[in-house]
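Enquirer: Following this message is one structure expressed as structure tokens.
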Amino acid sequence: MSVQIRLTQGPLATWPDTPYAQGSGARIVFDGVVRPTEDGEKIQGLHYEAYRPMAEQQLEIIGQELLETHGLIAMDIEHSIGLVPNYKCSFRLVIDSKHRKEGLAAMDEFINRLKQDVPIWKSAK
Amino acid sequence: MPQYTILLFGPAAAAITMDRVVIQSAELCSADQLKVLMIQQFPALDVYLDAGRLAVNQSFVIGETIISTSDETALITMVSGG
């Protein structure tokens, strides 16, 4: 069971073709993509600011907790910092689990917790 | 007199164009007391403090927590990652 966390400068690259975690029967990949508008206004992109040490710590805490409670096998969490243009990926969550059910449930819960407790802020550009 | 430095991020930092504030206090404060002092000395932070939480040494704290001046303290307003 493992949780990987990265805060990456700029847009995230496409997900590489990594092997599935041992014992997994499902992999769910969620990409958060920057939309062309924000609050109805056209934008060029989003700038992300993080309170980096705490953001990394909170991502780790949430990841470890959901790994346990949902019985997952592996999680890979990556979030951008800095400027991310429209239609580029700024957040990716990859979950390997034995079955899809726990993976889908954990995906939703993680993102809700991220939007509540992880000190990252976006501003439109 | 105890002197606190509170890190600011995101909209709170933008509101007063500062990435930290220094707060003087007669004595050591709880998180709630520190928030009151912040509003008094930086009224523009009021809206952010209302829904915001303090983090001490990178962990959220409850209002009654007494904060040491040597702790790393930050105001975590409504976040918007993801």
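Chain lettering (A, B, ...) mirrors the order of the structure tokens, residue numbering begins at 1 for each chain separately, and ligand numbering begins at 1 in order of display.
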Set the distance at 10 Å and use only C-alpha atoms: which residues neighbour range 16-32 of chain B once local chain neighbours fewer than 2 positions away are removed? I'd like the list as a PyMOL selection string.
Expert: chain B and resi 1-14+34-38+40-45+49+53-56+61-69+73-75
Enquirer: Hey, list the chain B side of the contact with chain A: 6 Å cut-off, only C-alpha atoms, answer as a compact mmCIF listing (two decimals) with N, CA, C and O atoms, in the first residue's frame.
Expert:
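Below is the file that was written, selection-v5.txt:
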# COMPACT_ATOMS: atom_id res chain seq x y z
N GLY B 10 -2.89 33.37 -0.65
CA GLY B 10 -4.10 33.48 -1.45
C GLY B 10 -4.80 34.82 -1.30
O GLY B 10 -4.15 35.87 -1.23
N GLN B 58 1.96 23.91 10.74
CA GLN B 58 1.41 23.21 9.57
C GLN B 58 0.29 22.22 9.88
O GLN B 58 0.03 21.30 9.10
N VAL B 79 -9.84 27.38 0.87
CA VAL B 79 -8.85 26.94 -0.13
C VAL B 79 -9.55 26.67 -1.46
O VAL B 79 -10.79 26.56 -1.52
N SER B 80 -8.76 26.57 -2.54
CA SER B 80 -9.40 26.38 -3.87
C SER B 80 -8.53 25.55 -4.80
O SER B 80 -8.42 25.83 -5.98
N GLY B 81 -7.93 24.52 -4.25
CA GLY B 81 -7.13 23.63 -5.11
C GLY B 81 -8.02 22.61 -5.80
O GLY B 81 -9.25 22.64 -5.67
N GLY B 82 -7.42 21.70 -6.53
CA GLY B 82 -8.16 20.60 -7.16
C GLY B 82 -8.61 20.91 -8.59
O GLY B 82 -8.39 22.00 -9.09
Enquirer: Identify, on the basis of only C-alpha atoms, every residue whose closest approach to Gly82 in chain A does not exceed 6 Å; exclude the query and any residue fewer than 2 positions from it along the same chain; express the result as a PyMOL selection string.
Expert: chain A and resi 9-10+47-48
Enquirer: So which residues of range 41-82 of chain B fall under strand (DSSP E or B) by DSSP, listed as a list of chain:residue names?
Expert: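 Listing strand (DSSP E or B) positions across range 41-82 of chain B yields B:Arg53, B:Leu54, B:Ala55, B:Val56, B:Ser59, B:Phe60, B:Ile66, B:Ile67, B:Thr73, B:Ala74, B:Leu75, B:Ile76.
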Enquirer: Export N, CA, C and O atoms of the chosen residues as a PDB file, in the first residue's frame?
Expert:
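Here's the written file again-v8.pdb:
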ATOM      1  N   ARG B  53      -9.173  29.416   9.131  1.00  0.00           N
ATOM      2  CA  ARG B  53      -8.657  28.686  10.296  1.00  0.00           C
ATOM      3  C   ARG B  53      -7.174  29.000  10.448  1.00  0.00           C
ATOM      4  O   ARG B  53      -6.504  29.274   9.454  1.00  0.00           O
ATOM      5  N   LEU B  54      -6.700  28.926  11.688  1.00  0.00           N
ATOM      6  CA  LEU B  54      -5.268  29.075  11.891  1.00  0.00           C
ATOM      7  C   LEU B  54      -4.616  27.696  11.859  1.00  0.00           C
ATOM      8  O   LEU B  54      -5.194  26.710  12.347  1.00  0.00           O
ATOM      9  N   ALA B  55      -3.430  27.643  11.272  1.00  0.00           N
ATOM     10  CA  ALA B  55      -2.614  26.427  11.311  1.00  0.00           C
ATOM     11  C   ALA B  55      -1.366  26.764  12.109  1.00  0.00           C
ATOM     12  O   ALA B  55      -0.784  27.846  11.946  1.00  0.00           O
ATOM     13  N   VAL B  56      -0.989  25.873  13.006  1.00  0.00           N
ATOM     14  CA  VAL B  56       0.211  26.059  13.807  1.00  0.00           C
ATOM     15  C   VAL B  56       1.152  24.901  13.503  1.00  0.00           C
ATOM     16  O   VAL B  56       0.743  23.733  13.583  1.00  0.00           O
ATOM     17  N   SER B  59      -0.367  22.419  11.012  1.00  0.00           N
ATOM     18  CA  SER B  59      -1.558  21.611  11.314  1.00  0.00           C
ATOM     19  C   SER B  59      -2.656  22.531  11.811  1.00  0.00           C
ATOM     20  O   SER B  59      -2.385  23.485  12.553  1.00  0.00           O
ATOM     21  N   PHE B  60      -3.899  22.256  11.407  1.00  0.00           N
ATOM     22  CA  PHE B  60      -5.011  23.086  11.862  1.00  0.00           C
ATOM     23  C   PHE B  60      -5.134  22.981  13.379  1.00  0.00           C
ATOM     24  O   PHE B  60      -4.876  21.927  13.954  1.00  0.00           O
ATOM     25  N   ILE B  66      -3.589  27.467  22.757  1.00  0.00           N
ATOM     26  CA  ILE B  66      -2.661  28.565  23.059  1.00  0.00           C
ATOM     27  C   ILE B  66      -1.467  28.459  22.112  1.00  0.00           C
ATOM     28  O   ILE B  66      -0.900  27.373  21.946  1.00  0.00           O
ATOM     29  N   ILE B  67      -1.134  29.563  21.468  1.00  0.00           N
ATOM     30  CA  ILE B  67      -0.082  29.552  20.451  1.00  0.00           C
ATOM     31  C   ILE B  67       1.180  30.214  20.999  1.00  0.00           C
ATOM     32  O   ILE B  67       1.117  31.287  21.613  1.00  0.00           O
ATOM     33  N   THR B  73       2.905  30.050  12.479  1.00  0.00           N
ATOM     34  CA  THR B  73       1.457  30.232  12.444  1.00  0.00           C
ATOM     35  C   THR B  73       1.044  30.769  11.085  1.00  0.00           C
ATOM     36  O   THR B  73       1.718  31.652  10.530  1.00  0.00           O
ATOM     37  N   ALA B  74      -0.048  30.227  10.538  1.00  0.00           N
ATOM     38  CA  ALA B  74      -0.521  30.670   9.211  1.00  0.00           C
ATOM     39  C   ALA B  74      -2.040  30.774   9.222  1.00  0.00           C
ATOM     40  O   ALA B  74      -2.718  30.017   9.925  1.00  0.00           O
ATOM     41  N   LEU B  75      -2.548  31.729   8.460  1.00  0.00           N
ATOM     42  CA  LEU B  75      -3.988  31.834   8.276  1.00  0.00           C
ATOM     43  C   LEU B  75      -4.367  31.058   7.021  1.00  0.00           C
ATOM     44  O   LEU B  75      -3.850  31.349   5.923  1.00  0.00           O
ATOM     45  N   ILE B  76      -5.226  30.058   7.189  1.00  0.00           N
ATOM     46  CA  ILE B  76      -5.671  29.266   6.048  1.00  0.00           C
ATOM     47  C   ILE B  76      -7.124  29.664   5.740  1.00  0.00           C
ATOM     48  O   ILE B  76      -8.041  29.286   6.448  1.00  0.00           O
TER      49      ILE B  76
END
Enquirer: So that I can see what lies close to Ala105 in chain A, please list as a list in words the residues with an atom at most 10 Å from it, counting only C-alpha atoms and leaving out residues fewer than 5 positions away in the same chain.
Expert: Leu66, His70, Arg100 and Phe110 of chain A
Enquirer: For Pro85 in chain A, which residue among A:Arg6, A:Thr37, A:Leu59, A:Glu65 is the nearest when counting only C-alpha atoms?
Expert: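 Looking only at the distances to Pro85 in chain A, the closest residue turns out to be A:Thr37.
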Enquirer: Would you return as a compact mmCIF listing (two decimals) with N, CA, C and O atoms, in the first residue's frame the members of chain B that DSSP assigns to helix (DSSP H, G or I) on this structure's backbone?
Expert:
# COMPACT_ATOMS: atom_id res chain seq x y z
N GLY B 10 -2.89 33.37 -0.65
CA GLY B 10 -4.10 33.48 -1.45
C GLY B 10 -4.80 34.82 -1.30
O GLY B 10 -4.15 35.87 -1.23
N PRO B 11 -6.14 34.81 -1.20
CA PRO B 11 -6.91 36.06 -1.20
C PRO B 11 -6.62 36.96 -0.01
O PRO B 11 -6.65 38.18 -0.11
N ALA B 12 -6.28 36.37 1.12
CA ALA B 12 -5.98 37.19 2.31
C ALA B 12 -4.71 38.00 2.08
O ALA B 12 -4.66 39.19 2.38
N ALA B 13 -3.69 37.35 1.52
CA ALA B 13 -2.44 38.07 1.23
C ALA B 13 -2.69 39.14 0.18
O ALA B 13 -2.19 40.26 0.29
N ALA B 14 -3.52 38.80 -0.80
CA ALA B 14 -3.80 39.77 -1.86
C ALA B 14 -4.59 40.97 -1.33
O ALA B 14 -4.36 42.11 -1.75
N ALA B 15 -5.45 40.74 -0.35
CA ALA B 15 -6.30 41.81 0.19
C ALA B 15 -5.48 42.92 0.83
O ALA B 15 -5.83 44.10 0.77
N ILE B 16 -4.37 42.56 1.47
CA ILE B 16 -3.57 43.60 2.12
C ILE B 16 -2.17 43.67 1.52
O ILE B 16 -1.28 44.32 2.09
N ALA B 31 -5.85 30.68 19.66
CA ALA B 31 -6.09 30.91 18.24
C ALA B 31 -7.23 31.91 18.05
O ALA B 31 -7.12 32.85 17.26
N ASP B 32 -8.30 31.74 18.80
CA ASP B 32 -9.43 32.66 18.67
C ASP B 32 -9.05 34.09 19.05
O ASP B 32 -9.42 35.05 18.37
N GLN B 33 -8.28 34.23 20.13
CA GLN B 33 -7.87 35.57 20.55
C GLN B 33 -6.99 36.23 19.51
O GLN B 33 -7.09 37.42 19.22
N LEU B 34 -6.12 35.41 18.90
CA LEU B 34 -5.22 35.95 17.87
C LEU B 34 -6.01 36.43 16.66
O LEU B 34 -5.71 37.48 16.08
N LYS B 35 -7.06 35.70 16.32
CA LYS B 35 -7.89 36.12 15.19
C LYS B 35 -8.56 37.46 15.47
O LYS B 35 -8.62 38.33 14.59
N VAL B 36 -8.99 37.65 16.72
CA VAL B 36 -9.61 38.93 17.11
C VAL B 36 -8.60 40.06 16.96
O VAL B 36 -8.89 41.12 16.38
N LEU B 37 -7.40 39.84 17.43
CA LEU B 37 -6.35 40.86 17.33
C LEU B 37 -6.04 41.15 15.85
O LEU B 37 -5.83 42.30 15.47
N MET B 38 -6.05 40.12 15.04
CA MET B 38 -5.77 40.32 13.61
C MET B 38 -6.82 41.22 12.98
O MET B 38 -6.50 42.12 12.20
N ILE B 39 -8.07 41.00 13.34
CA ILE B 39 -9.15 41.82 12.78
C ILE B 39 -9.01 43.26 13.25
O ILE B 39 -9.14 44.21 12.47
N GLN B 40 -8.68 43.43 14.52
CA GLN B 40 -8.53 44.79 15.06
C GLN B 40 -7.41 45.54 14.35
O GLN B 40 -7.56 46.70 13.97
N GLN B 41 -6.30 44.85 14.12
CA GLN B 41 -5.13 45.54 13.56
C GLN B 41 -5.14 45.54 12.03
O GLN B 41 -4.47 46.36 11.39
N PRO B 43 -8.31 45.32 9.66
CA PRO B 43 -9.74 45.14 9.40
C PRO B 43 -10.04 44.49 8.04
O PRO B 43 -11.02 43.76 7.89
N ALA B 44 -9.19 44.69 7.06
CA ALA B 44 -9.44 44.14 5.72
C ALA B 44 -9.41 42.61 5.73
O ALA B 44 -9.88 41.96 4.79
N LEU B 45 -8.87 42.03 6.81
CA LEU B 45 -8.80 40.56 6.89
C LEU B 45 -10.08 39.95 7.48
O LEU B 45 -10.23 38.74 7.52
N ASP B 46 -11.00 40.79 7.90
CA ASP B 46 -12.19 40.32 8.63
C ASP B 46 -12.90 39.19 7.86
O ASP B 46 -13.13 38.10 8.38
N VAL B 47 -13.19 39.45 6.58
CA VAL B 47 -13.98 38.47 5.81
C VAL B 47 -13.22 37.14 5.68
O VAL B 47 -13.81 36.06 5.65
N TYR B 48 -11.89 37.20 5.68
CA TYR B 48 -11.10 35.97 5.52
C TYR B 48 -10.97 35.21 6.83
O TYR B 48 -10.89 33.99 6.87
N LEU B 49 -10.96 35.96 7.91
CA LEU B 49 -10.83 35.32 9.22
C LEU B 49 -12.12 34.63 9.63
O LEU B 49 -12.12 33.63 10.33
N ASP B 50 -13.23 35.15 9.15
CA ASP B 50 -14.53 34.61 9.53
C ASP B 50 -14.61 33.13 9.18
O ASP B 50 -14.96 32.29 10.00
N ALA B 51 -14.24 32.81 7.93
CA ALA B 51 -14.33 31.41 7.49
C ALA B 51 -12.96 30.73 7.53
O ALA B 51 -12.82 29.58 7.16
Enquirer: So, counting only C-alpha atoms, which residue among A:Leu12, A:Ile62, A:Leu7, A:Val29 is closest to Val94 in chain A?
Expert: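 So, comparing all the options, the nearest one is A:Val29.
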Enquirer: How far is it from CA of Ser2 in chain A to CA of Met75 in chain A, in Å with one decimal?
Expert: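 So the answer is 6.3 Å.
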